Amino acid sequence: MNQLQTIQSKIYEIRGQRVMLDRDLAELYQVETRALNQAVKRNIERFPEDFMFQLTAEEWVAMSSQIVMTSWNKRPKSALPLVFTEHGVVMLSSILRSDIAVQTSILITRAFVAMRQLIANPPVDKVSLLQREVKELKEYIEEVFADQNDINEDTRIQIELINQILAELQVRNKEREKKPRPRIGFIIPKQ
């Protein structure tokens, strides 16, 4: 798994926003979670609610039951984690002031941007693309030979094969549409 994929695996959707946990960010920035949170508290005016917020107990329980967390026991029960939006992550690099923080912030921002682009521009459906190209080929062949009454046997066979391929592609498309697409990320149920 490359660095961007590792970072993307640590991005969750909570309250309709994509966020990262304080402990994951501390690990990426190579600081203790406690040190990261102290730096945030010293600069709290830089972190409005759309940059950072604290999870509720219900959100934390729901989230921790869904993902593997090795540090679950290390966090005091009274200390609910802070989560940071993309803007909060950028702000973190300015208060941590280290080369690692700057480089990590760039990587995390790229991960957020890549996720946004993936959602806005889903990958091209190769089956549909192939189906469209085969249809265009069929139309071209029929157009070229439309004026000629005498289509040879080879051309007839090619048109039949194209029709078979189109039928198979339509069946595959319908089968694929029936299967639900797996969701990406983790969504905390709304309270």
# chains A, B, ... in the order shown; residues from 1 in each chain; ligands from 1
>>> residues_around(residues="segment 77-87 of chain A", least_positions_apart="4", cutoff="8 Å", atoms="only C-alpha atoms", output="mmCIF file with all heavy atoms, in the first residue's frame")
data_model
loop_
_atom_site.group_PDB
_atom_site.id
_atom_site.type_symbol
_atom_site.label_atom_id
_atom_site.label_comp_id
_atom_site.auth_asym_id
_atom_site.auth_seq_id
_atom_site.Cartn_x
_atom_site.Cartn_y
_atom_site.Cartn_z
ATOM 1 N N GLN A 17 -18.746 14.942 7.075
ATOM 2 C CA GLN A 17 -17.451 15.509 6.717
ATOM 3 C C GLN A 17 -16.396 14.415 6.714
ATOM 4 O O GLN A 17 -16.444 13.491 7.511
ATOM 5 C CB GLN A 17 -17.032 16.587 7.723
ATOM 6 C CG GLN A 17 -17.951 17.781 7.744
ATOM 7 C CD GLN A 17 -17.392 18.858 8.652
ATOM 8 O OE1 GLN A 17 -16.240 19.247 8.525
ATOM 9 N NE2 GLN A 17 -18.211 19.339 9.572
ATOM 10 N N ARG A 18 -15.417 14.550 5.834
ATOM 11 C CA ARG A 18 -14.285 13.619 5.836
ATOM 12 C C ARG A 18 -13.267 14.135 6.837
ATOM 13 O O ARG A 18 -12.843 15.288 6.755
ATOM 14 C CB ARG A 18 -13.685 13.527 4.438
ATOM 15 C CG ARG A 18 -14.559 12.721 3.521
ATOM 16 C CD ARG A 18 -13.924 12.540 2.163
ATOM 17 N NE ARG A 18 -14.905 11.997 1.260
ATOM 18 C CZ ARG A 18 -15.893 12.692 0.702
ATOM 19 N NH1 ARG A 18 -15.998 13.970 0.944
ATOM 20 N NH2 ARG A 18 -16.761 12.120 -0.092
ATOM 21 N N VAL A 19 -12.906 13.267 7.773
ATOM 22 C CA VAL A 19 -12.027 13.683 8.868
ATOM 23 C C VAL A 19 -10.975 12.615 9.158
ATOM 24 O O VAL A 19 -11.090 11.476 8.718
ATOM 25 C CB VAL A 19 -12.833 13.951 10.162
ATOM 26 C CG1 VAL A 19 -13.798 15.108 9.980
ATOM 27 C CG2 VAL A 19 -13.567 12.711 10.618
ATOM 28 N N MET A 20 -9.977 13.022 9.933
ATOM 29 C CA MET A 20 -8.953 12.100 10.430
ATOM 30 C C MET A 20 -8.881 12.229 11.941
ATOM 31 O O MET A 20 -9.024 13.320 12.496
ATOM 32 C CB MET A 20 -7.594 12.417 9.804
ATOM 33 C CG MET A 20 -7.556 12.148 8.309
ATOM 34 S SD MET A 20 -5.907 12.376 7.610
ATOM 35 C CE MET A 20 -5.079 10.906 8.224
ATOM 36 N N LEU A 21 -8.633 11.103 12.588
ATOM 37 C CA LEU A 21 -8.515 11.064 14.045
ATOM 38 C C LEU A 21 -7.203 11.689 14.507
ATOM 39 O O LEU A 21 -6.174 11.567 13.821
ATOM 40 C CB LEU A 21 -8.548 9.620 14.542
ATOM 41 C CG LEU A 21 -9.888 8.905 14.493
ATOM 42 C CD1 LEU A 21 -9.680 7.409 14.720
ATOM 43 C CD2 LEU A 21 -10.816 9.476 15.542
ATOM 44 N N ASP A 22 -7.231 12.270 15.697
ATOM 45 C CA ASP A 22 -6.020 12.869 16.261
ATOM 46 C C ASP A 22 -4.888 11.851 16.387
ATOM 47 O O ASP A 22 -3.746 12.135 16.077
ATOM 48 C CB ASP A 22 -6.315 13.549 17.606
ATOM 49 C CG ASP A 22 -6.948 12.634 18.653
ATOM 50 O OD1 ASP A 22 -7.176 11.431 18.389
ATOM 51 O OD2 ASP A 22 -7.257 13.146 19.753
ATOM 52 N N ARG A 23 -5.203 10.620 16.797
ATOM 53 C CA ARG A 23 -4.142 9.622 16.981
ATOM 54 C C ARG A 23 -3.505 9.212 15.661
ATOM 55 O O ARG A 23 -2.305 8.978 15.592
ATOM 56 C CB ARG A 23 -4.649 8.406 17.737
ATOM 57 C CG ARG A 23 -5.560 7.526 16.917
ATOM 58 C CD ARG A 23 -5.798 6.191 17.619
ATOM 59 N NE ARG A 23 -6.518 5.344 16.715
ATOM 60 C CZ ARG A 23 -5.951 4.455 15.905
ATOM 61 N NH1 ARG A 23 -4.655 4.285 15.927
ATOM 62 N NH2 ARG A 23 -6.660 3.741 15.079
ATOM 63 N N ASN A 37 -2.520 17.215 20.624
ATOM 64 C CA ASN A 37 -3.711 17.837 21.224
ATOM 65 C C ASN A 37 -3.348 19.055 22.063
ATOM 66 O O ASN A 37 -4.093 20.036 22.095
ATOM 67 C CB ASN A 37 -4.491 16.807 22.042
ATOM 68 C CG ASN A 37 -5.209 15.808 21.144
ATOM 69 O OD1 ASN A 37 -5.467 16.069 19.983
ATOM 70 N ND2 ASN A 37 -5.513 14.646 21.687
ATOM 71 N N ASP A 50 -15.420 23.867 11.781
ATOM 72 C CA ASP A 50 -15.335 23.240 10.466
ATOM 73 C C ASP A 50 -13.914 22.768 10.153
ATOM 74 O O ASP A 50 -13.672 22.155 9.117
ATOM 75 C CB ASP A 50 -15.862 24.164 9.364
ATOM 76 C CG ASP A 50 -15.128 25.482 9.289
ATOM 77 O OD1 ASP A 50 -14.654 25.971 10.328
ATOM 78 O OD2 ASP A 50 -15.043 26.039 8.179
ATOM 79 N N PHE A 51 -12.954 23.018 11.058
ATOM 80 C CA PHE A 51 -11.590 22.512 10.934
ATOM 81 C C PHE A 51 -11.361 21.315 11.855
ATOM 82 O O PHE A 51 -10.608 20.410 11.527
ATOM 83 C CB PHE A 51 -10.573 23.590 11.304
ATOM 84 C CG PHE A 51 -10.336 24.617 10.241
ATOM 85 C CD1 PHE A 51 -11.325 24.993 9.336
ATOM 86 C CD2 PHE A 51 -9.111 25.247 10.151
ATOM 87 C CE1 PHE A 51 -11.099 25.956 8.375
ATOM 88 C CE2 PHE A 51 -8.869 26.216 9.189
ATOM 89 C CZ PHE A 51 -9.861 26.568 8.296
ATOM 90 N N MET A 52 -12.000 21.341 13.046
ATOM 91 C CA MET A 52 -11.772 20.322 14.050
ATOM 92 C C MET A 52 -12.951 20.273 15.005
ATOM 93 O O MET A 52 -13.550 21.306 15.309
ATOM 94 C CB MET A 52 -10.489 20.643 14.832
ATOM 95 C CG MET A 52 -10.201 19.682 15.931
ATOM 96 S SD MET A 52 -9.621 20.379 17.499
ATOM 97 C CE MET A 52 -10.604 21.751 17.865
ATOM 98 N N PHE A 53 -13.290 19.064 15.452
ATOM 99 C CA PHE A 53 -14.305 18.934 16.489
ATOM 100 C C PHE A 53 -14.043 17.666 17.277
ATOM 101 O O PHE A 53 -13.261 16.805 16.855
ATOM 102 C CB PHE A 53 -15.738 18.962 15.916
ATOM 103 C CG PHE A 53 -16.023 17.927 14.858
ATOM 104 C CD1 PHE A 53 -16.501 16.657 15.197
ATOM 105 C CD2 PHE A 53 -15.825 18.220 13.513
ATOM 106 C CE1 PHE A 53 -16.777 15.720 14.215
ATOM 107 C CE2 PHE A 53 -16.102 17.279 12.529
ATOM 108 C CZ PHE A 53 -16.581 16.022 12.879
ATOM 109 N N GLN A 54 -14.670 17.584 18.447
ATOM 110 C CA GLN A 54 -14.490 16.415 19.298
ATOM 111 C C GLN A 54 -15.648 15.455 19.063
ATOM 112 O O GLN A 54 -16.804 15.868 18.937
ATOM 113 C CB GLN A 54 -14.440 16.834 20.769
ATOM 114 C CG GLN A 54 -13.999 15.733 21.695
ATOM 115 C CD GLN A 54 -13.615 16.282 23.062
ATOM 116 O OE1 GLN A 54 -14.149 17.287 23.508
ATOM 117 N NE2 GLN A 54 -12.683 15.616 23.712
ATOM 118 N N LEU A 55 -15.322 14.161 18.985
ATOM 119 C CA LEU A 55 -16.363 13.153 18.800
ATOM 120 C C LEU A 55 -17.220 13.047 20.053
ATOM 121 O O LEU A 55 -16.735 13.276 21.159
ATOM 122 C CB LEU A 55 -15.738 11.782 18.524
ATOM 123 C CG LEU A 55 -15.003 11.592 17.210
ATOM 124 C CD1 LEU A 55 -14.465 10.168 17.100
ATOM 125 C CD2 LEU A 55 -15.889 11.907 16.021
ATOM 126 N N THR A 56 -18.467 12.690 19.871
ATOM 127 C CA THR A 56 -19.320 12.395 21.021
ATOM 128 C C THR A 56 -18.995 10.977 21.482
ATOM 129 O O THR A 56 -18.376 10.196 20.744
ATOM 130 C CB THR A 56 -20.813 12.465 20.643
ATOM 131 O OG1 THR A 56 -21.093 11.427 19.700
ATOM 132 C CG2 THR A 56 -21.195 13.827 20.100
ATOM 133 N N ALA A 57 -19.416 10.630 22.671
ATOM 134 C CA ALA A 57 -19.166 9.280 23.201
ATOM 135 C C ALA A 57 -19.806 8.235 22.292
ATOM 136 O O ALA A 57 -19.205 7.178 22.020
ATOM 137 C CB ALA A 57 -19.708 9.164 24.621
ATOM 138 N N TRP A 60 -17.740 7.821 19.121
ATOM 139 C CA TRP A 60 -16.485 7.145 19.416
ATOM 140 C C TRP A 60 -16.707 5.643 19.614
ATOM 141 O O TRP A 60 -15.963 4.822 19.090
ATOM 142 C CB TRP A 60 -15.832 7.776 20.627
ATOM 143 C CG TRP A 60 -14.526 7.159 21.059
ATOM 144 C CD1 TRP A 60 -14.206 6.768 22.309
ATOM 145 C CD2 TRP A 60 -13.372 6.902 20.260
ATOM 146 N NE1 TRP A 60 -12.932 6.262 22.338
ATOM 147 C CE2 TRP A 60 -12.389 6.342 21.084
ATOM 148 C CE3 TRP A 60 -13.071 7.072 18.923
ATOM 149 C CZ2 TRP A 60 -11.137 5.946 20.632
ATOM 150 C CZ3 TRP A 60 -11.817 6.690 18.454
ATOM 151 C CH2 TRP A 60 -10.871 6.139 19.304
ATOM 152 N N MET A 91 -3.936 23.323 8.870
ATOM 153 C CA MET A 91 -3.635 24.206 9.998
ATOM 154 C C MET A 91 -2.680 23.523 10.980
ATOM 155 O O MET A 91 -1.813 24.184 11.568
ATOM 156 C CB MET A 91 -4.934 24.619 10.703
ATOM 157 C CG MET A 91 -4.752 25.727 11.714
ATOM 158 S SD MET A 91 -4.070 27.251 11.030
ATOM 159 C CE MET A 91 -5.450 27.827 10.061
ATOM 160 N N ILE A 108 -1.260 14.389 3.124
ATOM 161 C CA ILE A 108 -2.651 14.236 3.577
ATOM 162 C C ILE A 108 -3.590 15.067 2.703
ATOM 163 O O ILE A 108 -4.665 14.602 2.310
ATOM 164 C CB ILE A 108 -2.780 14.620 5.065
ATOM 165 C CG1 ILE A 108 -2.025 13.604 5.925
ATOM 166 C CG2 ILE A 108 -4.245 14.689 5.483
ATOM 167 C CD1 ILE A 108 -1.878 14.003 7.377
ATOM 168 N N THR A 109 -3.188 16.278 2.366
ATOM 169 C CA THR A 109 -4.006 17.124 1.499
ATOM 170 C C THR A 109 -4.186 16.455 0.139
ATOM 171 O O THR A 109 -5.283 16.447 -0.423
ATOM 172 C CB THR A 109 -3.379 18.523 1.342
ATOM 173 O OG1 THR A 109 -3.250 19.105 2.644
ATOM 174 C CG2 THR A 109 -4.220 19.419 0.464
ATOM 175 N N PHE A 112 -6.816 13.740 0.477
ATOM 176 C CA PHE A 112 -8.171 14.307 0.486
ATOM 177 C C PHE A 112 -8.582 14.711 -0.937
ATOM 178 O O PHE A 112 -9.700 14.435 -1.369
ATOM 179 C CB PHE A 112 -8.254 15.533 1.400
ATOM 180 C CG PHE A 112 -8.530 15.222 2.851
ATOM 181 C CD1 PHE A 112 -7.515 15.239 3.787
ATOM 182 C CD2 PHE A 112 -9.814 14.937 3.272
ATOM 183 C CE1 PHE A 112 -7.770 14.976 5.126
ATOM 184 C CE2 PHE A 112 -10.087 14.671 4.615
ATOM 185 C CZ PHE A 112 -9.057 14.687 5.536
#
>>> select_by_dssp(residues="chain A", states="helix (DSSP H, G or I)", output="ChimeraX atom specification")
/A:3-8,22-29,33-42,44-46,57-66,86-96,99-120,126-144,153-178
>>> write_last_selection(atoms="C-alpha atoms", output="mmCIF file, in the first residue's frame")
data_model
loop_
_atom_site.group_PDB
_atom_site.id
_atom_site.type_symbol
_atom_site.label_atom_id
_atom_site.label_comp_id
_atom_site.auth_asym_id
_atom_site.auth_seq_id
_atom_site.Cartn_x
_atom_site.Cartn_y
_atom_site.Cartn_z
ATOM 1 C CA GLN A 3 1.512 6.413 1.279
ATOM 2 C CA LEU A 4 -1.599 8.011 -0.252
ATOM 3 C CA GLN A 5 -3.598 4.782 0.128
ATOM 4 C CA THR A 6 -2.423 4.426 3.727
ATOM 5 C CA ILE A 7 -3.563 7.970 4.478
ATOM 6 C CA GLN A 8 -6.870 7.475 2.631
ATOM 7 C CA ASP A 22 -6.020 12.869 16.261
ATOM 8 C CA ARG A 23 -4.142 9.622 16.981
ATOM 9 C CA ASP A 24 -3.762 8.808 13.265
ATOM 10 C CA LEU A 25 -2.491 12.318 12.567
ATOM 11 C CA ALA A 26 -0.092 12.138 15.517
ATOM 12 C CA GLU A 27 1.286 8.886 14.125
ATOM 13 C CA LEU A 28 1.719 10.412 10.660
ATOM 14 C CA TYR A 29 3.301 13.590 12.079
ATOM 15 C CA THR A 33 -1.256 12.251 20.436
ATOM 16 C CA ARG A 34 -1.013 14.133 23.724
ATOM 17 C CA ALA A 35 1.535 16.573 22.221
ATOM 18 C CA LEU A 36 -0.604 17.124 19.125
ATOM 19 C CA ASN A 37 -3.711 17.837 21.224
ATOM 20 C CA GLN A 38 -1.771 20.198 23.520
ATOM 21 C CA ALA A 39 -0.515 22.153 20.493
ATOM 22 C CA VAL A 40 -4.100 22.416 19.243
ATOM 23 C CA LYS A 41 -5.368 23.632 22.640
ATOM 24 C CA ARG A 42 -2.626 26.274 22.760
ATOM 25 C CA ILE A 44 -7.508 26.768 19.598
ATOM 26 C CA GLU A 45 -8.442 30.031 17.805
ATOM 27 C CA ARG A 46 -6.988 28.497 14.613
ATOM 28 C CA ALA A 57 -19.166 9.280 23.201
ATOM 29 C CA GLU A 58 -21.696 7.565 20.898
ATOM 30 C CA GLU A 59 -19.682 8.378 17.767
ATOM 31 C CA TRP A 60 -16.485 7.145 19.416
ATOM 32 C CA VAL A 61 -18.058 3.855 20.550
ATOM 33 C CA ALA A 62 -19.630 3.270 17.123
ATOM 34 C CA MET A 63 -16.386 4.073 15.352
ATOM 35 C CA SER A 64 -14.131 2.037 17.628
ATOM 36 C CA SER A 65 -16.351 -1.025 17.253
ATOM 37 C CA GLN A 66 -16.016 -0.791 13.462
ATOM 38 C CA GLU A 86 -8.829 18.714 5.478
ATOM 39 C CA HIS A 87 -8.524 22.377 6.509
ATOM 40 C CA GLY A 88 -7.709 21.377 10.068
ATOM 41 C CA VAL A 89 -4.919 19.121 8.818
ATOM 42 C CA VAL A 90 -3.389 22.022 6.894
ATOM 43 C CA MET A 91 -3.635 24.206 9.998
ATOM 44 C CA LEU A 92 -1.916 21.496 12.076
ATOM 45 C CA SER A 93 1.226 21.767 9.968
ATOM 46 C CA SER A 94 1.440 25.456 10.776
ATOM 47 C CA ILE A 95 1.333 24.902 14.538
ATOM 48 C CA LEU A 96 3.588 21.823 14.656
ATOM 49 C CA ASP A 99 9.680 19.483 8.244
ATOM 50 C CA ILE A 100 7.839 16.208 8.829
ATOM 51 C CA ALA A 101 4.633 18.122 9.618
ATOM 52 C CA VAL A 102 4.872 20.121 6.394
ATOM 53 C CA GLN A 103 5.596 17.064 4.204
ATOM 54 C CA THR A 104 2.924 14.995 5.929
ATOM 55 C CA SER A 105 0.395 17.794 5.554
ATOM 56 C CA ILE A 106 1.094 17.887 1.814
ATOM 57 C CA LEU A 107 0.563 14.113 1.544
ATOM 58 C CA ILE A 108 -2.651 14.236 3.577
ATOM 59 C CA THR A 109 -4.006 17.124 1.499
ATOM 60 C CA ARG A 110 -3.228 15.144 -1.663
ATOM 61 C CA ALA A 111 -5.099 12.151 -0.217
ATOM 62 C CA PHE A 112 -8.171 14.307 0.486
ATOM 63 C CA VAL A 113 -7.987 15.811 -3.030
ATOM 64 C CA ALA A 114 -7.610 12.358 -4.630
ATOM 65 C CA MET A 115 -10.700 11.138 -2.761
ATOM 66 C CA ARG A 116 -12.671 14.201 -3.879
ATOM 67 C CA GLN A 117 -11.620 13.660 -7.496
ATOM 68 C CA LEU A 118 -12.540 9.983 -7.349
ATOM 69 C CA ILE A 119 -16.009 10.862 -6.094
ATOM 70 C CA ALA A 120 -16.470 13.668 -8.641
ATOM 71 C CA LYS A 126 -14.677 -0.228 -19.299
ATOM 72 C CA VAL A 127 -17.573 -2.527 -20.212
ATOM 73 C CA SER A 128 -19.745 0.423 -21.259
ATOM 74 C CA LEU A 129 -16.833 1.924 -23.176
ATOM 75 C CA LEU A 130 -16.248 -1.352 -25.001
ATOM 76 C CA GLN A 131 -19.958 -1.699 -25.694
ATOM 77 C CA ARG A 132 -20.078 1.799 -27.218
ATOM 78 C CA GLU A 133 -17.023 1.107 -29.415
ATOM 79 C CA VAL A 134 -18.465 -2.180 -30.677
ATOM 80 C CA LYS A 135 -21.766 -0.437 -31.480
ATOM 81 C CA GLU A 136 -19.889 2.248 -33.409
ATOM 82 C CA LEU A 137 -18.015 -0.448 -35.330
ATOM 83 C CA LYS A 138 -21.283 -2.193 -36.201
ATOM 84 C CA GLU A 139 -22.861 1.077 -37.373
ATOM 85 C CA TYR A 140 -19.785 1.809 -39.480
ATOM 86 C CA ILE A 141 -19.845 -1.611 -41.163
ATOM 87 C CA GLU A 142 -23.582 -1.373 -41.831
ATOM 88 C CA GLU A 143 -23.160 2.148 -43.224
ATOM 89 C CA VAL A 144 -20.296 1.169 -45.524
ATOM 90 C CA GLU A 153 -20.255 -13.999 -46.341
ATOM 91 C CA ASP A 154 -17.259 -12.705 -44.322
ATOM 92 C CA THR A 155 -18.952 -9.360 -43.690
ATOM 93 C CA ARG A 156 -22.197 -11.097 -42.664
ATOM 94 C CA ILE A 157 -20.259 -13.252 -40.171
ATOM 95 C CA GLN A 158 -18.519 -10.152 -38.775
ATOM 96 C CA ILE A 159 -21.847 -8.381 -38.273
ATOM 97 C CA GLU A 160 -23.284 -11.467 -36.534
ATOM 98 C CA LEU A 161 -20.237 -11.664 -34.234
ATOM 99 C CA ILE A 162 -20.582 -7.985 -33.377
ATOM 100 C CA ASN A 163 -24.260 -8.528 -32.546
ATOM 101 C CA GLN A 164 -23.317 -11.463 -30.277
ATOM 102 C CA ILE A 165 -20.673 -9.383 -28.495
ATOM 103 C CA LEU A 166 -23.151 -6.536 -27.981
ATOM 104 C CA ALA A 167 -25.708 -8.958 -26.515
ATOM 105 C CA GLU A 168 -23.099 -10.433 -24.135
ATOM 106 C CA LEU A 169 -21.985 -6.966 -23.037
ATOM 107 C CA GLN A 170 -25.588 -5.962 -22.308
ATOM 108 C CA VAL A 171 -26.058 -9.088 -20.162
ATOM 109 C CA ARG A 172 -22.840 -8.348 -18.237
ATOM 110 C CA ASN A 173 -23.889 -4.734 -17.714
ATOM 111 C CA LYS A 174 -27.266 -5.807 -16.307
ATOM 112 C CA GLU A 175 -25.599 -8.348 -13.968
ATOM 113 C CA ARG A 176 -23.133 -5.754 -12.741
ATOM 114 C CA GLU A 177 -25.893 -3.175 -12.153
ATOM 115 C CA LYS A 178 -27.723 -5.664 -9.922
#
>>> select_by_dssp(residues="chain A", states="strand (DSSP E)", output="MDAnalysis selection string")
chainID A and resid 11:14 17:21 52:54 82:84
>>> write_last_selection(atoms="N, CA and C atoms", output="compact mmCIF listing (two decimals), in the first residue's frame")
# COMPACT_ATOMS: atom_id res chain seq x y z
N ILE A 11 -9.03 8.07 6.63
CA ILE A 11 -10.00 9.15 6.48
C ILE A 11 -11.39 8.55 6.65
N TYR A 12 -12.18 9.14 7.55
CA TYR A 12 -13.51 8.63 7.86
C TYR A 12 -14.54 9.72 7.57
N GLU A 13 -15.77 9.30 7.41
CA GLU A 13 -16.85 10.28 7.24
C GLU A 13 -17.66 10.32 8.53
N ILE A 14 -17.66 11.48 9.15
CA ILE A 14 -18.40 11.70 10.39
C ILE A 14 -19.12 13.03 10.27
N GLN A 17 -18.75 14.94 7.08
CA GLN A 17 -17.45 15.51 6.72
C GLN A 17 -16.40 14.42 6.71
N ARG A 18 -15.42 14.55 5.83
CA ARG A 18 -14.29 13.62 5.84
C ARG A 18 -13.27 14.13 6.84
N VAL A 19 -12.91 13.27 7.77
CA VAL A 19 -12.03 13.68 8.87
C VAL A 19 -10.98 12.61 9.16
N MET A 20 -9.98 13.02 9.93
CA MET A 20 -8.95 12.10 10.43
C MET A 20 -8.88 12.23 11.94
N LEU A 21 -8.63 11.10 12.59
CA LEU A 21 -8.52 11.06 14.05
C LEU A 21 -7.20 11.69 14.51
N MET A 52 -12.00 21.34 13.05
CA MET A 52 -11.77 20.32 14.05
C MET A 52 -12.95 20.27 15.00
N PHE A 53 -13.29 19.06 15.45
CA PHE A 53 -14.31 18.93 16.49
C PHE A 53 -14.04 17.67 17.28
N GLN A 54 -14.67 17.58 18.45
CA GLN A 54 -14.49 16.42 19.30
C GLN A 54 -15.65 15.46 19.06
N LEU A 82 -10.25 14.03 19.12
CA LEU A 82 -10.50 15.14 18.23
C LEU A 82 -10.39 14.61 16.81
N VAL A 83 -11.18 15.16 15.91
CA VAL A 83 -11.06 14.81 14.50
C VAL A 83 -10.85 16.09 13.71
N PHE A 84 -10.08 15.97 12.63
CA PHE A 84 -9.69 17.14 11.85
C PHE A 84 -10.14 16.98 10.40
>>> closest_residue(among="A:Asn2, A:Ser9, A:Asn43, A:Ser98", to="Gln30 of chain A", atoms="only C-alpha atoms")
A:Ser98
